[in-house]
Amino acid sequence: VQSRLQSLFQEALDALLPDEKVAPQVVVADPRFGDYQCNNAMSVFKMQKRDAEGPPRWKSPRDIGEAIKNALPAESSHIFEEVSVAGPGFITVKLRKDWIASELRRGYQDGFRFKARQQQRIVIDYSSPNIAKEMHVGHLRSTILGDTIANLLTKLGHDVLRLNHVGDWGTQFGMLLEYMRRQEGLEGDSFAIRDLQVFYRSAKEAF
């Protein structure tokens, strides 16, 4: 969306300043006032004052904001529900809901193609349970969240390393087995997980 808006404001700036190369400054706006904001008016006004050889073309940054607004291409009316100029030329736009809906439909039909501008190597640490103890729903929740984030980052083109660190499990099970041996707990036919957890707690106290 932001790149689409940048191209629209680029057309407006090129129409106003055909001899200058001015890149559009389009950012996300304060949601109280709109969706996106173009902040070029002040810099263009300063450029005009610096390079002026005759009477200034615009008397204030706000005048430049109005000029940029009026120079937007006709197709912008299909995208913008409202375009307003505030303060020293800040141009705030609200997107049309029907345009947003159509873009989402098109994205789902054609398949979204998002890529990060700069790929990174990212480590996602999952639930990292203590495997000598019984697991609970918190481990499941954080694993699902971690996997969701990892899938999203992979889709964006990042090199994602998924980790589920189980710690020094040798020490944990060594303590558990040694305690059970001393208590003659290994002679049973079978154990439930909750039995092992009781043994583990006792083993931590003993060692």
# chains A, B, ... in the order shown; residues from 1 in each chain; ligands from 1

call {"tool": "residues_around", "arguments": {"residues": "region 55-65 of chain A", "least_positions_apart": "4", "cutoff": "8 Å", "atoms": "only C-alpha atoms", "output": "list in words"}}
result
Asn40, Ala41, Met42, Val44, Phe45, Gln48, Lys49, Lys69, Val85, Ala86, Gly87, Pro88, Gly89, Phe90 and Ile91 of chain A

call {"tool": "write_last_selection", "arguments": {"atoms": "N, CA and C atoms", "output": "mmCIF file, in the first residue's frame"}}
result
data_model
loop_
_atom_site.group_PDB
_atom_site.id
_atom_site.type_symbol
_atom_site.label_atom_id
_atom_site.label_comp_id
_atom_site.auth_asym_id
_atom_site.auth_seq_id
_atom_site.Cartn_x
_atom_site.Cartn_y
_atom_site.Cartn_z
ATOM 1 N N ASN A 40 6.238 16.185 2.395
ATOM 2 C CA ASN A 40 7.191 16.861 1.524
ATOM 3 C C ASN A 40 7.092 18.379 1.532
ATOM 4 N N ALA A 41 5.988 18.932 1.997
ATOM 5 C CA ALA A 41 5.743 20.370 1.836
ATOM 6 C C ALA A 41 6.846 21.225 2.447
ATOM 7 N N MET A 42 7.274 20.905 3.664
ATOM 8 C CA MET A 42 8.273 21.724 4.349
ATOM 9 C C MET A 42 9.615 21.693 3.621
ATOM 10 N N VAL A 44 10.173 21.017 0.449
ATOM 11 C CA VAL A 44 10.054 21.715 -0.833
ATOM 12 C C VAL A 44 10.074 23.222 -0.620
ATOM 13 N N PHE A 45 9.440 23.697 0.450
ATOM 14 C CA PHE A 45 9.435 25.125 0.749
ATOM 15 C C PHE A 45 10.851 25.627 1.035
ATOM 16 N N GLN A 48 12.743 25.798 -2.159
ATOM 17 C CA GLN A 48 12.326 26.957 -2.937
ATOM 18 C C GLN A 48 13.014 28.223 -2.443
ATOM 19 N N LYS A 49 13.096 28.398 -1.121
ATOM 20 C CA LYS A 49 13.743 29.573 -0.547
ATOM 21 C C LYS A 49 15.233 29.593 -0.872
ATOM 22 N N LYS A 69 -1.591 18.223 -3.181
ATOM 23 C CA LYS A 69 -2.908 17.570 -3.123
ATOM 24 C C LYS A 69 -3.646 17.716 -4.447
ATOM 25 N N VAL A 85 -5.148 18.763 4.145
ATOM 26 C CA VAL A 85 -3.875 19.414 4.428
ATOM 27 C C VAL A 85 -3.982 20.092 5.783
ATOM 28 N N ALA A 86 -3.028 19.804 6.662
ATOM 29 C CA ALA A 86 -3.059 20.365 8.010
ATOM 30 C C ALA A 86 -1.713 20.956 8.358
ATOM 31 N N GLY A 87 -1.746 21.892 9.318
ATOM 32 C CA GLY A 87 -0.513 22.485 9.826
ATOM 33 C C GLY A 87 0.356 23.034 8.707
ATOM 34 N N PRO A 88 1.667 22.808 8.802
ATOM 35 C CA PRO A 88 2.600 23.318 7.783
ATOM 36 C C PRO A 88 2.682 22.412 6.555
ATOM 37 N N GLY A 89 1.528 22.076 5.995
ATOM 38 C CA GLY A 89 1.523 21.342 4.730
ATOM 39 C C GLY A 89 1.482 19.836 4.826
ATOM 40 N N PHE A 90 1.183 19.271 5.986
ATOM 41 C CA PHE A 90 1.084 17.820 6.092
ATOM 42 C C PHE A 90 -0.158 17.342 5.345
ATOM 43 N N ILE A 91 0.036 16.431 4.401
ATOM 44 C CA ILE A 91 -1.070 15.909 3.591
ATOM 45 C C ILE A 91 -1.461 14.545 4.146
#

call {"tool": "select_by_dssp", "arguments": {"residues": "region 18-205 of chain A", "states": "helix (DSSP H, G or I)", "output": "ChimeraX atom specification"}}
result
/A:41-51,61-70,74-78,97-110,137-155,169-182,185-187,193-205

call {"tool": "atom_distance", "arguments": {"atom1": "CA of Arg4 (chain A)", "atom2": "CA of Asp159 (chain A)"}}
result
27.4 Å

call {"tool": "atom_distance", "arguments": {"atom1": "CA of Met175 (chain A)", "atom2": "CA of Tyr200 (chain A)"}}
result
7.6 Å

call {"tool": "select_by_dssp", "arguments": {"residues": "region 89-136 of chain A", "states": "strand (DSSP E)", "output": "MDAnalysis selection string"}}
result
chainID A and resid 90:95 121:125

call {"tool": "residues_around", "arguments": {"residues": "Phe199 (chain A)", "least_positions_apart": "2", "cutoff": "8 Å", "atoms": "only C-alpha atoms", "output": "list in words"}}
result
Leu176, Tyr179, Met180, Asp195, Leu196, Gln197, Arg201, Ser202 and Ala203 of chain A

call {"tool": "decode", "arguments": {"residues": "region 34-96 of chain A", "atoms": "C-alpha atoms", "output": "mmCIF file, in the first residue's frame"}}
result
data_model
loop_
_atom_site.group_PDB
_atom_site.id
_atom_site.type_symbol
_atom_site.label_atom_id
_atom_site.label_comp_id
_atom_site.auth_asym_id
_atom_site.auth_seq_id
_atom_site.Cartn_x
_atom_site.Cartn_y
_atom_site.Cartn_z
ATOM 1 C CA GLY A 34 -5.901 9.358 8.695
ATOM 2 C CA ASP A 35 -4.107 6.316 7.337
ATOM 3 C CA TYR A 36 -1.024 7.770 5.606
ATOM 4 C CA GLN A 37 0.718 11.126 5.456
ATOM 5 C CA CYS A 38 2.939 12.893 2.939
ATOM 6 C CA ASN A 39 5.505 15.237 4.532
ATOM 7 C CA ASN A 40 7.191 16.861 1.524
ATOM 8 C CA ALA A 41 5.743 20.370 1.836
ATOM 9 C CA MET A 42 8.273 21.724 4.349
ATOM 10 C CA SER A 43 11.344 20.403 2.515
ATOM 11 C CA VAL A 44 10.054 21.715 -0.833
ATOM 12 C CA PHE A 45 9.435 25.125 0.749
ATOM 13 C CA LYS A 46 12.998 25.245 2.097
ATOM 14 C CA MET A 47 14.329 24.179 -1.306
ATOM 15 C CA GLN A 48 12.326 26.957 -2.937
ATOM 16 C CA LYS A 49 13.743 29.573 -0.547
ATOM 17 C CA ARG A 50 17.281 28.310 -1.133
ATOM 18 C CA ASP A 51 17.069 28.283 -4.931
ATOM 19 C CA ALA A 52 14.725 31.224 -5.515
ATOM 20 C CA GLU A 53 15.903 33.879 -8.005
ATOM 21 C CA GLY A 54 12.591 35.706 -8.160
ATOM 22 C CA PRO A 55 9.298 35.882 -6.261
ATOM 23 C CA PRO A 56 8.511 32.620 -4.464
ATOM 24 C CA ARG A 57 6.041 30.360 -6.227
ATOM 25 C CA TRP A 58 4.407 29.417 -2.905
ATOM 26 C CA LYS A 59 4.071 31.655 0.138
ATOM 27 C CA SER A 60 3.995 28.902 2.774
ATOM 28 C CA PRO A 61 4.478 25.160 3.248
ATOM 29 C CA ARG A 62 0.707 24.833 3.523
ATOM 30 C CA ASP A 63 0.328 26.301 0.027
ATOM 31 C CA ILE A 64 2.718 23.631 -1.229
ATOM 32 C CA GLY A 65 0.697 20.963 0.555
ATOM 33 C CA GLU A 66 -2.435 22.174 -1.212
ATOM 34 C CA ALA A 67 -0.596 22.209 -4.539
ATOM 35 C CA ILE A 68 0.616 18.625 -4.075
ATOM 36 C CA LYS A 69 -2.908 17.570 -3.123
ATOM 37 C CA ASN A 70 -4.366 19.168 -6.253
ATOM 38 C CA ALA A 71 -1.676 17.604 -8.453
ATOM 39 C CA LEU A 72 -2.500 14.036 -7.434
ATOM 40 C CA PRO A 73 -3.451 11.923 -10.469
ATOM 41 C CA ALA A 74 -7.110 11.187 -11.169
ATOM 42 C CA GLU A 75 -6.767 7.524 -10.192
ATOM 43 C CA SER A 76 -6.133 8.578 -6.600
ATOM 44 C CA SER A 77 -9.865 9.293 -6.218
ATOM 45 C CA HIS A 78 -10.475 5.547 -6.451
ATOM 46 C CA ILE A 79 -8.043 4.958 -3.566
ATOM 47 C CA PHE A 80 -8.479 7.956 -1.257
ATOM 48 C CA GLU A 81 -11.696 8.574 0.597
ATOM 49 C CA GLU A 82 -10.389 11.888 1.895
ATOM 50 C CA VAL A 83 -7.297 14.051 1.367
ATOM 51 C CA SER A 84 -6.667 16.925 3.767
ATOM 52 C CA VAL A 85 -3.875 19.414 4.428
ATOM 53 C CA ALA A 86 -3.059 20.365 8.010
ATOM 54 C CA GLY A 87 -0.513 22.485 9.826
ATOM 55 C CA PRO A 88 2.600 23.318 7.783
ATOM 56 C CA GLY A 89 1.523 21.342 4.730
ATOM 57 C CA PHE A 90 1.084 17.820 6.092
ATOM 58 C CA ILE A 91 -1.070 15.909 3.591
ATOM 59 C CA THR A 92 -3.124 13.218 5.300
ATOM 60 C CA VAL A 93 -5.122 10.636 3.377
ATOM 61 C CA LYS A 94 -7.826 8.169 4.369
ATOM 62 C CA LEU A 95 -8.113 5.056 2.241
ATOM 63 C CA ARG A 96 -11.417 3.971 0.754
#
